[in-house]
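Peer 1: Next up, structure38.txt (compact mmCIF, N, CA and C atoms).
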```
# COMPACT_ATOMS: atom_id res chain seq x y z
N MET X 1 0.85 -1.19 0.00
CA MET X 1 0.00 0.00 0.00
C MET X 1 0.89 1.23 0.00
N ASP X 2 0.53 2.16 -0.84
CA ASP X 2 1.31 3.35 -1.04
C ASP X 2 1.39 4.22 0.21
N GLY X 3 2.58 4.32 0.77
CA GLY X 3 2.81 5.26 1.85
C GLY X 3 2.40 4.81 3.24
N TYR X 4 1.75 3.66 3.38
CA TYR X 4 1.37 3.18 4.71
C TYR X 4 2.45 2.24 5.23
N THR X 5 2.85 2.46 6.47
CA THR X 5 3.92 1.67 7.06
C THR X 5 3.40 0.87 8.25
N ASP X 6 4.23 -0.03 8.75
CA ASP X 6 3.88 -0.75 9.98
C ASP X 6 3.72 0.22 11.14
N ASP X 7 4.50 1.30 11.15
CA ASP X 7 4.35 2.30 12.21
C ASP X 7 2.98 2.96 12.16
N HIS X 8 2.48 3.26 10.96
CA HIS X 8 1.12 3.79 10.84
C HIS X 8 0.12 2.78 11.41
N ALA X 9 0.28 1.53 11.01
CA ALA X 9 -0.67 0.48 11.40
C ALA X 9 -0.72 0.28 12.91
N LYS X 10 0.41 0.44 13.59
CA LYS X 10 0.48 0.21 15.04
C LYS X 10 0.32 1.49 15.85
N SER X 11 0.21 2.61 15.18
CA SER X 11 0.16 3.90 15.86
C SER X 11 -0.97 3.95 16.89
N GLY X 12 -0.64 4.40 18.08
CA GLY X 12 -1.62 4.60 19.13
C GLY X 12 -1.89 3.39 19.99
N LEU X 13 -1.51 2.22 19.55
CA LEU X 13 -1.84 1.01 20.31
C LEU X 13 -1.12 0.94 21.65
N GLY X 14 0.08 1.45 21.72
CA GLY X 14 0.84 1.39 22.98
C GLY X 14 0.88 2.69 23.75
N ALA X 15 0.12 3.68 23.31
CA ALA X 15 0.16 5.00 23.95
C ALA X 15 -0.37 4.96 25.38
N ASP X 16 0.23 5.78 26.23
CA ASP X 16 -0.26 5.92 27.60
C ASP X 16 -1.54 6.75 27.59
N LEU X 17 -2.58 6.20 28.19
CA LEU X 17 -3.86 6.90 28.32
C LEU X 17 -4.27 6.89 29.78
N PRO X 18 -5.11 7.82 30.19
CA PRO X 18 -5.57 7.81 31.58
C PRO X 18 -6.22 6.48 31.95
N ALA X 19 -6.07 6.09 33.21
CA ALA X 19 -6.65 4.83 33.69
C ALA X 19 -8.16 4.92 33.73
N ILE X 20 -8.81 3.79 33.45
CA ILE X 20 -10.25 3.68 33.59
C ILE X 20 -10.51 3.11 34.98
N GLU X 21 -11.14 3.89 35.82
CA GLU X 21 -11.44 3.44 37.18
C GLU X 21 -12.79 2.71 37.21
N VAL X 22 -13.01 1.97 38.27
CA VAL X 22 -14.24 1.18 38.43
C VAL X 22 -14.77 1.35 39.85
N TRP X 23 -16.02 0.91 40.04
CA TRP X 23 -16.64 0.90 41.36
C TRP X 23 -17.44 -0.39 41.51
N PRO X 24 -17.65 -0.87 42.76
CA PRO X 24 -18.31 -2.16 42.98
C PRO X 24 -19.75 -2.19 42.48
N ASN X 25 -20.06 -3.21 41.69
CA ASN X 25 -21.40 -3.43 41.17
C ASN X 25 -22.28 -4.03 42.26
N GLN X 26 -23.53 -3.60 42.32
CA GLN X 26 -24.46 -4.08 43.34
C GLN X 26 -25.54 -5.02 42.81
N PHE X 27 -25.62 -5.20 41.50
CA PHE X 27 -26.69 -5.99 40.91
C PHE X 27 -26.13 -6.96 39.86
N ILE X 28 -26.99 -7.86 39.38
CA ILE X 28 -26.59 -8.78 38.32
C ILE X 28 -27.62 -8.72 37.20
N GLY X 29 -27.20 -9.17 36.01
CA GLY X 29 -28.13 -9.38 34.92
C GLY X 29 -28.68 -8.14 34.25
N TYR X 30 -27.93 -7.07 34.18
CA TYR X 30 -28.38 -5.87 33.48
C TYR X 30 -27.25 -5.35 32.61
N GLU X 31 -27.60 -4.58 31.59
CA GLU X 31 -26.61 -4.02 30.68
C GLU X 31 -26.47 -2.52 30.88
N ILE X 32 -25.30 -2.04 30.59
CA ILE X 32 -25.00 -0.61 30.63
C ILE X 32 -24.58 -0.19 29.23
N THR X 33 -25.15 0.89 28.74
CA THR X 33 -24.78 1.46 27.44
C THR X 33 -24.30 2.87 27.66
N ILE X 34 -23.11 3.16 27.18
CA ILE X 34 -22.52 4.49 27.29
C ILE X 34 -22.28 5.01 25.88
N GLN X 35 -22.89 6.16 25.57
CA GLN X 35 -22.71 6.76 24.25
C GLN X 35 -21.76 7.95 24.36
N ILE X 36 -20.83 8.00 23.44
CA ILE X 36 -19.83 9.06 23.37
C ILE X 36 -19.97 9.68 21.98
N PRO X 37 -20.84 10.69 21.82
CA PRO X 37 -21.15 11.21 20.48
C PRO X 37 -20.08 12.15 19.90
N GLU X 38 -19.09 12.52 20.68
CA GLU X 38 -18.09 13.48 20.18
C GLU X 38 -16.69 12.91 20.27
N PHE X 39 -16.51 11.67 19.85
CA PHE X 39 -15.18 11.04 19.86
C PHE X 39 -14.32 11.68 18.78
N THR X 40 -13.08 11.99 19.14
CA THR X 40 -12.13 12.51 18.15
C THR X 40 -10.78 11.83 18.34
N SER X 41 -10.10 11.65 17.23
CA SER X 41 -8.72 11.17 17.23
C SER X 41 -8.05 11.76 15.99
N ILE X 42 -6.82 11.36 15.74
CA ILE X 42 -6.05 11.90 14.61
C ILE X 42 -5.65 10.74 13.69
N CYS X 43 -5.78 10.93 12.40
CA CYS X 43 -5.29 9.94 11.45
C CYS X 43 -3.76 9.90 11.55
N PRO X 44 -3.19 8.71 11.77
CA PRO X 44 -1.73 8.64 11.94
C PRO X 44 -0.95 8.92 10.66
N LYS X 45 -1.60 8.86 9.51
CA LYS X 45 -0.89 9.14 8.25
C LYS X 45 -1.02 10.59 7.84
N THR X 46 -2.25 11.10 7.81
CA THR X 46 -2.48 12.47 7.32
C THR X 46 -2.40 13.51 8.43
N HIS X 47 -2.52 13.06 9.66
CA HIS X 47 -2.55 13.94 10.84
C HIS X 47 -3.78 14.85 10.86
N LEU X 48 -4.81 14.47 10.09
CA LEU X 48 -6.07 15.20 10.10
C LEU X 48 -6.99 14.62 11.17
N PRO X 49 -7.88 15.43 11.73
CA PRO X 49 -8.77 14.90 12.77
C PRO X 49 -9.82 13.96 12.20
N ASP X 50 -10.16 12.96 13.01
CA ASP X 50 -11.25 12.04 12.70
C ASP X 50 -12.33 12.25 13.76
N PHE X 51 -13.58 12.22 13.35
CA PHE X 51 -14.71 12.44 14.25
C PHE X 51 -15.67 11.27 14.15
N GLY X 52 -16.31 10.97 15.26
CA GLY X 52 -17.29 9.91 15.24
C GLY X 52 -17.99 9.76 16.57
N SER X 53 -18.78 8.72 16.64
CA SER X 53 -19.52 8.37 17.85
C SER X 53 -19.10 6.98 18.27
N VAL X 54 -18.81 6.81 19.56
CA VAL X 54 -18.44 5.51 20.08
C VAL X 54 -19.48 5.10 21.13
N THR X 55 -19.94 3.87 21.03
CA THR X 55 -20.87 3.33 22.01
C THR X 55 -20.24 2.12 22.67
N ILE X 56 -20.27 2.12 24.00
CA ILE X 56 -19.77 1.00 24.80
C ILE X 56 -20.98 0.37 25.47
N GLN X 57 -21.19 -0.90 25.22
CA GLN X 57 -22.29 -1.62 25.86
C GLN X 57 -21.69 -2.84 26.54
N TYR X 58 -22.02 -3.02 27.84
CA TYR X 58 -21.46 -4.16 28.55
C TYR X 58 -22.40 -4.68 29.63
N LEU X 59 -22.22 -5.94 29.94
CA LEU X 59 -22.92 -6.61 31.02
C LEU X 59 -21.92 -6.70 32.17
N PRO X 60 -22.09 -5.87 33.22
CA PRO X 60 -21.09 -5.85 34.28
C PRO X 60 -21.09 -7.14 35.10
N ASP X 61 -19.95 -7.41 35.69
CA ASP X 61 -19.83 -8.53 36.62
C ASP X 61 -19.66 -7.95 38.01
N LYS X 62 -18.44 -7.87 38.50
CA LYS X 62 -18.20 -7.41 39.87
C LYS X 62 -18.06 -5.90 40.00
N VAL X 63 -17.68 -5.23 38.90
CA VAL X 63 -17.46 -3.78 38.95
C VAL X 63 -18.05 -3.10 37.71
N CYS X 64 -18.27 -1.79 37.83
CA CYS X 64 -18.77 -0.96 36.73
C CYS X 64 -17.75 0.12 36.41
N LEU X 65 -17.79 0.61 35.19
CA LEU X 65 -16.90 1.69 34.78
C LEU X 65 -17.31 3.00 35.45
N GLU X 66 -16.34 3.73 35.93
CA GLU X 66 -16.59 5.05 36.52
C GLU X 66 -16.56 6.07 35.38
N LEU X 67 -17.64 6.82 35.23
CA LEU X 67 -17.82 7.65 34.03
C LEU X 67 -16.84 8.81 33.92
N LYS X 68 -16.50 9.46 35.02
CA LYS X 68 -15.56 10.58 34.92
C LYS X 68 -14.19 10.08 34.44
N ALA X 69 -13.74 8.97 34.98
CA ALA X 69 -12.46 8.40 34.54
C ALA X 69 -12.54 7.97 33.08
N LEU X 70 -13.68 7.39 32.68
CA LEU X 70 -13.87 7.00 31.28
C LEU X 70 -13.81 8.22 30.38
N LYS X 71 -14.41 9.32 30.82
CA LYS X 71 -14.38 10.56 30.03
C LYS X 71 -12.93 11.02 29.80
N TYR X 72 -12.11 11.01 30.84
CA TYR X 72 -10.72 11.43 30.68
C TYR X 72 -9.95 10.45 29.81
N TYR X 73 -10.26 9.17 29.93
CA TYR X 73 -9.64 8.16 29.07
C TYR X 73 -9.97 8.45 27.60
N ILE X 74 -11.24 8.68 27.29
CA ILE X 74 -11.67 8.96 25.91
C ILE X 74 -11.04 10.26 25.41
N LEU X 75 -10.95 11.27 26.26
CA LEU X 75 -10.31 12.53 25.85
C LEU X 75 -8.84 12.32 25.48
N GLY X 76 -8.22 11.26 25.99
CA GLY X 76 -6.84 10.94 25.65
C GLY X 76 -6.64 10.61 24.18
N TYR X 77 -7.71 10.27 23.48
CA TYR X 77 -7.64 9.98 22.05
C TYR X 77 -7.62 11.24 21.19
N ARG X 78 -8.01 12.37 21.76
CA ARG X 78 -8.19 13.60 20.99
C ARG X 78 -6.97 13.98 20.16
N ASN X 79 -5.78 13.81 20.70
CA ASN X 79 -4.56 14.16 19.98
C ASN X 79 -3.72 12.93 19.64
N LEU X 80 -4.34 11.76 19.68
CA LEU X 80 -3.63 10.51 19.45
C LEU X 80 -3.78 10.07 18.00
N GLY X 81 -2.66 9.77 17.35
CA GLY X 81 -2.69 9.21 16.00
C GLY X 81 -3.03 7.74 16.07
N ILE X 82 -4.23 7.38 15.58
CA ILE X 82 -4.68 5.99 15.65
C ILE X 82 -5.77 5.77 14.60
N PHE X 83 -5.73 4.63 13.91
CA PHE X 83 -6.78 4.32 12.95
C PHE X 83 -8.07 3.97 13.67
N TYR X 84 -9.21 4.13 12.99
CA TYR X 84 -10.53 3.81 13.56
C TYR X 84 -10.55 2.41 14.16
N GLU X 85 -10.10 1.46 13.34
CA GLU X 85 -10.15 0.06 13.74
C GLU X 85 -9.36 -0.18 15.01
N ASN X 86 -8.18 0.44 15.08
CA ASN X 86 -7.35 0.28 16.27
C ASN X 86 -7.98 0.94 17.49
N ALA X 87 -8.60 2.10 17.30
CA ALA X 87 -9.23 2.80 18.42
C ALA X 87 -10.35 1.95 19.02
N VAL X 88 -11.21 1.42 18.18
CA VAL X 88 -12.34 0.61 18.67
C VAL X 88 -11.83 -0.63 19.40
N ASN X 89 -10.88 -1.32 18.81
CA ASN X 89 -10.35 -2.52 19.44
C ASN X 89 -9.56 -2.22 20.72
N ARG X 90 -8.85 -1.12 20.74
CA ARG X 90 -8.13 -0.75 21.96
C ARG X 90 -9.10 -0.36 23.07
N ILE X 91 -10.14 0.39 22.74
CA ILE X 91 -11.14 0.76 23.75
C ILE X 91 -11.75 -0.51 24.34
N LEU X 92 -12.10 -1.47 23.48
CA LEU X 92 -12.65 -2.73 24.00
C LEU X 92 -11.66 -3.41 24.93
N ASP X 93 -10.41 -3.55 24.51
CA ASP X 93 -9.41 -4.21 25.35
C ASP X 93 -9.23 -3.49 26.67
N ASP X 94 -9.22 -2.17 26.66
CA ASP X 94 -9.03 -1.41 27.89
C ASP X 94 -10.24 -1.49 28.81
N VAL X 95 -11.45 -1.49 28.25
CA VAL X 95 -12.67 -1.66 29.05
C VAL X 95 -12.68 -3.04 29.69
N VAL X 96 -12.37 -4.07 28.91
CA VAL X 96 -12.35 -5.43 29.43
C VAL X 96 -11.29 -5.57 30.53
N SER X 97 -10.14 -4.99 30.31
CA SER X 97 -9.07 -5.04 31.31
C SER X 97 -9.48 -4.34 32.61
N ALA X 98 -10.21 -3.24 32.48
CA ALA X 98 -10.60 -2.46 33.66
C ALA X 98 -11.71 -3.12 34.47
N CYS X 99 -12.74 -3.64 33.80
CA CYS X 99 -13.92 -4.08 34.56
C CYS X 99 -14.28 -5.55 34.41
N ARG X 100 -13.59 -6.30 33.56
CA ARG X 100 -13.86 -7.72 33.37
C ARG X 100 -15.35 -8.02 33.23
N PRO X 101 -16.01 -7.45 32.22
CA PRO X 101 -17.44 -7.66 32.06
C PRO X 101 -17.74 -9.09 31.59
N VAL X 102 -18.98 -9.49 31.77
CA VAL X 102 -19.42 -10.78 31.24
C VAL X 102 -19.33 -10.75 29.72
N ARG X 103 -19.79 -9.66 29.14
CA ARG X 103 -19.66 -9.44 27.70
C ARG X 103 -19.63 -7.94 27.44
N ALA X 104 -19.11 -7.57 26.29
CA ALA X 104 -19.02 -6.15 25.94
C ALA X 104 -18.96 -6.00 24.43
N VAL X 105 -19.47 -4.86 23.96
CA VAL X 105 -19.39 -4.48 22.56
C VAL X 105 -18.99 -3.02 22.51
N VAL X 106 -18.01 -2.71 21.68
CA VAL X 106 -17.66 -1.32 21.40
C VAL X 106 -17.92 -1.10 19.92
N ARG X 107 -18.72 -0.07 19.63
CA ARG X 107 -19.10 0.25 18.25
C ARG X 107 -18.69 1.68 17.96
N GLY X 108 -17.91 1.85 16.90
CA GLY X 108 -17.51 3.17 16.45
C GLY X 108 -18.18 3.48 15.13
N GLU X 109 -18.90 4.60 15.08
CA GLU X 109 -19.51 5.08 13.83
C GLU X 109 -18.83 6.39 13.50
N PHE X 110 -18.02 6.36 12.46
CA PHE X 110 -17.18 7.50 12.14
C PHE X 110 -17.78 8.32 11.01
N ASN X 111 -17.61 9.62 11.10
CA ASN X 111 -18.20 10.55 10.14
C ASN X 111 -17.72 10.26 8.73
N VAL X 112 -18.52 10.67 7.78
CA VAL X 112 -18.21 10.46 6.37
C VAL X 112 -16.89 11.16 6.03
N ARG X 113 -16.05 10.41 5.32
CA ARG X 113 -14.78 10.95 4.82
C ARG X 113 -14.57 10.37 3.44
N GLY X 114 -14.38 11.24 2.47
CA GLY X 114 -14.17 10.78 1.10
C GLY X 114 -15.38 10.04 0.55
N GLY X 115 -16.57 10.40 1.03
CA GLY X 115 -17.79 9.77 0.54
C GLY X 115 -18.10 8.42 1.18
N MET X 116 -17.33 8.02 2.22
CA MET X 116 -17.57 6.73 2.87
C MET X 116 -17.70 6.90 4.38
N LYS X 117 -18.62 6.14 4.94
CA LYS X 117 -18.81 6.12 6.39
C LYS X 117 -18.31 4.77 6.89
N SER X 118 -17.52 4.78 7.95
CA SER X 118 -16.99 3.54 8.52
C SER X 118 -17.67 3.24 9.84
N ILE X 119 -18.07 1.97 10.01
CA ILE X 119 -18.61 1.49 11.27
C ILE X 119 -17.79 0.27 11.66
N ILE X 120 -17.21 0.33 12.86
CA ILE X 120 -16.36 -0.75 13.34
C ILE X 120 -16.95 -1.25 14.65
N GLU X 121 -17.02 -2.56 14.80
CA GLU X 121 -17.58 -3.15 16.02
C GLU X 121 -16.65 -4.26 16.50
N ALA X 122 -16.34 -4.22 17.79
CA ALA X 122 -15.50 -5.25 18.40
C ALA X 122 -16.24 -5.81 19.61
N ARG X 123 -16.12 -7.13 19.82
CA ARG X 123 -16.89 -7.80 20.88
C ARG X 123 -15.98 -8.60 21.82
N HIS X 124 -16.43 -8.66 23.07
CA HIS X 124 -15.82 -9.51 24.09
C HIS X 124 -16.89 -10.45 24.61
N PRO X 125 -16.66 -11.72 24.74
CA PRO X 125 -15.38 -12.36 24.42
C PRO X 125 -15.15 -12.45 22.91
N ARG X 126 -13.90 -12.40 22.55
CA ARG X 126 -13.55 -12.47 21.13
C ARG X 126 -13.66 -13.91 20.66
N LYS X 127 -14.13 -14.09 19.45
CA LYS X 127 -14.20 -15.42 18.88
C LYS X 127 -12.83 -15.80 18.35
N SER X 128 -12.40 -17.00 18.66
CA SER X 128 -11.10 -17.45 18.14
C SER X 128 -11.28 -17.89 16.70
N GLU X 129 -10.26 -17.70 15.93
CA GLU X 129 -10.32 -18.02 14.49
C GLU X 129 -9.97 -19.47 14.27
```
Take the structure in the file and give it back as structure tokens.

Peer 2:
Amino acid sequence: MDGYTDDHAKSGLGADLPAIEVWPNQFIGYEITIQIPEFTSICPKTHLPDFGSVTIQYLPDKVCLELKALKYYILGYRNLGIFYENAVNRILDDVVSACRPVRAVVRGEFNVRGGMKSIIEARHPRKSE
């Protein structure tokens, strides 16, 4: 691919981001949906901003995500060079690492660019190939 490197492909995956804090869950058998309609990040190749909406849906187990900490975590993407696909998958991995949900889905719906709209969805548990 013209001009895309392994560094572009891996950009943002190892970046330090604020910790996602949790608090003890008091109930079982319910889902939580968090909508983030103003997600922004930076394209690692063009350095232009990317805009979209990210939705996190999970079935909590022992703990729930603390929203203020999640907000600061998401704001960490604002100046981070990362592809859409990597952002969605990293958010899922970080949410799972923080709260160990029974199941989770992260869905990114990114604004139209070049006449195309991208929707990326990642699920936990991940299906093995």

Peer 1: Return the single residue from X:Pro37, X:Lys71, X:Ala15, X:Thr46 that is closest to Arg107 of chain X, with distances computed using only C-alpha atoms.

Peer 2: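 Counting only C-alpha atoms, the residue closest to Arg107 of chain X is X:Pro37.
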
Peer 1: For atom CA of Leu48 of chain X and atom N of Tyr84 of chain X, quote the distance in Å rounded to one decimal.

Peer 2: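 Interatomic distance here is 11.9 Å.
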
Peer 1: If we count all atoms listed in the file and set the cut-off at 6 Å, which residues sit around Asp61 of chain X, ignoring sequence neighbours fewer than 5 positions away in its own chain? Please answer as a CSV table (one decimal) with N, CA and C atoms, in the frame of the given file.

Peer 2:
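Saved file part.csv follows:
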```
chain,number,residue,atom,x,y,z
X,25,ASN,N,-20.1,-3.2,41.7
X,25,ASN,CA,-21.4,-3.4,41.2
X,25,ASN,C,-22.3,-4.0,42.3
X,100,ARG,N,-13.6,-6.3,33.6
X,100,ARG,CA,-13.9,-7.7,33.4
X,100,ARG,C,-15.4,-8.0,33.2
X,101,PRO,N,-16.0,-7.4,32.2
X,101,PRO,CA,-17.4,-7.7,32.1
X,101,PRO,C,-17.7,-9.1,31.6
X,102,VAL,N,-19.0,-9.5,31.8
X,102,VAL,CA,-19.4,-10.8,31.2
X,102,VAL,C,-19.3,-10.8,29.7
```

Peer 1: One decimal, Å: what's the distance from atom N of Phe51 of chain X over to atom N of Gly76 of chain X, could you say?

Peer 2: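 Rounded to one decimal, the two atoms are 13.8 Å apart.
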
Peer 1: Find the smallest box with edges along x, y and z containing every listed atom of segment 90-106 of chain X, then add 3 Å on each side and report centre and edge lengths in Å to one decimal, as AutoDock Vina command-line options.

Peer 2:
```
--center_x -14.0 --center_y -5.0 --center_z 27.2 --size_x 17.7 --size_y 17.5 --size_z 20.6
```

Peer 1: What is the distance, in Å and to one decimal place, between atom C of His124 of chain X and atom C of Gln57 of chain X?

Peer 2: 9.2 Å

Peer 1: Excluding Gly52 of chain X and any residue of its chain fewer than 4 positions from it, enumerate the residues within 10 Å of it, using only C-alpha atoms, and give them as a VMD selection string.

Peer 2: chain X and resid 36 to 41 84 108 to 112 117 to 119

Peer 1: Skipping near chain neighbours, those fewer than 6 positions away, what residues fall within 12 Å of Ala9 of chain X using only C-alpha atoms, listed as a PyMOL selection string?

Peer 2: chain X and resi 1+3+43-45+81-87

Peer 1: Need the shell around Ala98 of chain X: protein/DNA/RNA residues with any atom at most 8 Å away, counting only C-alpha atoms. Skip same-chain ones fewer than 6 positions apart. Format as a list in words?

Peer 2: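 Surrounding residues, per the criterion: Ile20, Glu21, Val22 and Leu65 of chain X.
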
Peer 1: Among segment 48-119 of chain X, which residues carry a DSSP assignment of helix (DSSP H, G or I), reported as a list in words?

Peer 2: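 Here are the helix (DSSP H, G or I) residues of segment 48-119 of chain X: Leu67, Lys68, Ala69, Leu70, Lys71, Tyr72, Tyr73, Ile74, Leu75, Tyr84, Glu85, Asn86, Ala87, Val88, Asn89, Arg90, Ile91, Leu92, Asp93, Asp94, Val95, Val96, Ser97, Ala98 and Cys99 of chain X.
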
Peer 1: Any chance you could model N, CA, C and O atoms for segment 84-99 of chain X and send them as a PDB file, in the coordinates of the input?

Peer 2:
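Okay, this is what ended up in rebuild.pdb:
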```
ATOM      1  N   TYR X  84      -9.210   4.130  12.990  1.00  0.00           N
ATOM      2  CA  TYR X  84     -10.530   3.810  13.560  1.00  0.00           C
ATOM      3  C   TYR X  84     -10.550   2.410  14.160  1.00  0.00           C
ATOM      4  O   TYR X  84     -11.013   2.178  15.268  1.00  0.00           O
ATOM      5  N   GLU X  85     -10.100   1.460  13.340  1.00  0.00           N
ATOM      6  CA  GLU X  85     -10.150   0.060  13.740  1.00  0.00           C
ATOM      7  C   GLU X  85      -9.360  -0.180  15.010  1.00  0.00           C
ATOM      8  O   GLU X  85      -9.799  -0.908  15.907  1.00  0.00           O
ATOM      9  N   ASN X  86      -8.180   0.440  15.080  1.00  0.00           N
ATOM     10  CA  ASN X  86      -7.350   0.280  16.270  1.00  0.00           C
ATOM     11  C   ASN X  86      -7.980   0.940  17.490  1.00  0.00           C
ATOM     12  O   ASN X  86      -7.903   0.405  18.598  1.00  0.00           O
ATOM     13  N   ALA X  87      -8.600   2.100  17.300  1.00  0.00           N
ATOM     14  CA  ALA X  87      -9.230   2.800  18.420  1.00  0.00           C
ATOM     15  C   ALA X  87     -10.350   1.950  19.020  1.00  0.00           C
ATOM     16  O   ALA X  87     -10.410   1.761  20.240  1.00  0.00           O
ATOM     17  N   VAL X  88     -11.210   1.420  18.180  1.00  0.00           N
ATOM     18  CA  VAL X  88     -12.340   0.610  18.670  1.00  0.00           C
ATOM     19  C   VAL X  88     -11.830  -0.630  19.400  1.00  0.00           C
ATOM     20  O   VAL X  88     -12.296  -0.957  20.496  1.00  0.00           O
ATOM     21  N   ASN X  89     -10.880  -1.320  18.810  1.00  0.00           N
ATOM     22  CA  ASN X  89     -10.350  -2.520  19.440  1.00  0.00           C
ATOM     23  C   ASN X  89      -9.560  -2.220  20.720  1.00  0.00           C
ATOM     24  O   ASN X  89      -9.651  -2.966  21.691  1.00  0.00           O
ATOM     25  N   ARG X  90      -8.850  -1.120  20.740  1.00  0.00           N
ATOM     26  CA  ARG X  90      -8.130  -0.750  21.960  1.00  0.00           C
ATOM     27  C   ARG X  90      -9.100  -0.360  23.070  1.00  0.00           C
ATOM     28  O   ARG X  90      -8.903  -0.726  24.221  1.00  0.00           O
ATOM     29  N   ILE X  91     -10.140   0.390  22.740  1.00  0.00           N
ATOM     30  CA  ILE X  91     -11.140   0.760  23.750  1.00  0.00           C
ATOM     31  C   ILE X  91     -11.750  -0.510  24.340  1.00  0.00           C
ATOM     32  O   ILE X  91     -11.867  -0.639  25.566  1.00  0.00           O
ATOM     33  N   LEU X  92     -12.100  -1.470  23.480  1.00  0.00           N
ATOM     34  CA  LEU X  92     -12.650  -2.730  24.000  1.00  0.00           C
ATOM     35  C   LEU X  92     -11.660  -3.410  24.930  1.00  0.00           C
ATOM     36  O   LEU X  92     -12.012  -3.802  26.047  1.00  0.00           O
ATOM     37  N   ASP X  93     -10.410  -3.550  24.510  1.00  0.00           N
ATOM     38  CA  ASP X  93      -9.410  -4.210  25.350  1.00  0.00           C
ATOM     39  C   ASP X  93      -9.230  -3.490  26.670  1.00  0.00           C
ATOM     40  O   ASP X  93      -9.118  -4.134  27.726  1.00  0.00           O
ATOM     41  N   ASP X  94      -9.220  -2.170  26.660  1.00  0.00           N
ATOM     42  CA  ASP X  94      -9.030  -1.410  27.890  1.00  0.00           C
ATOM     43  C   ASP X  94     -10.240  -1.490  28.810  1.00  0.00           C
ATOM     44  O   ASP X  94     -10.100  -1.578  30.038  1.00  0.00           O
ATOM     45  N   VAL X  95     -11.450  -1.490  28.250  1.00  0.00           N
ATOM     46  CA  VAL X  95     -12.670  -1.660  29.050  1.00  0.00           C
ATOM     47  C   VAL X  95     -12.680  -3.040  29.690  1.00  0.00           C
ATOM     48  O   VAL X  95     -12.945  -3.188  30.888  1.00  0.00           O
ATOM     49  N   VAL X  96     -12.370  -4.070  28.910  1.00  0.00           N
ATOM     50  CA  VAL X  96     -12.350  -5.430  29.430  1.00  0.00           C
ATOM     51  C   VAL X  96     -11.290  -5.570  30.530  1.00  0.00           C
ATOM     52  O   VAL X  96     -11.532  -6.176  31.576  1.00  0.00           O
ATOM     53  N   SER X  97     -10.140  -4.990  30.310  1.00  0.00           N
ATOM     54  CA  SER X  97      -9.070  -5.040  31.310  1.00  0.00           C
ATOM     55  C   SER X  97      -9.480  -4.340  32.610  1.00  0.00           C
ATOM     56  O   SER X  97      -9.170  -4.807  33.703  1.00  0.00           O
ATOM     57  N   ALA X  98     -10.210  -3.240  32.480  1.00  0.00           N
ATOM     58  CA  ALA X  98     -10.600  -2.460  33.660  1.00  0.00           C
ATOM     59  C   ALA X  98     -11.710  -3.120  34.470  1.00  0.00           C
ATOM     60  O   ALA X  98     -11.637  -3.151  35.703  1.00  0.00           O
ATOM     61  N   CYS X  99     -12.740  -3.640  33.800  1.00  0.00           N
ATOM     62  CA  CYS X  99     -13.920  -4.080  34.560  1.00  0.00           C
ATOM     63  C   CYS X  99     -14.280  -5.550  34.410  1.00  0.00           C
ATOM     64  O   CYS X  99     -15.227  -6.010  35.059  1.00  0.00           O
TER      65      CYS X  99
END
```
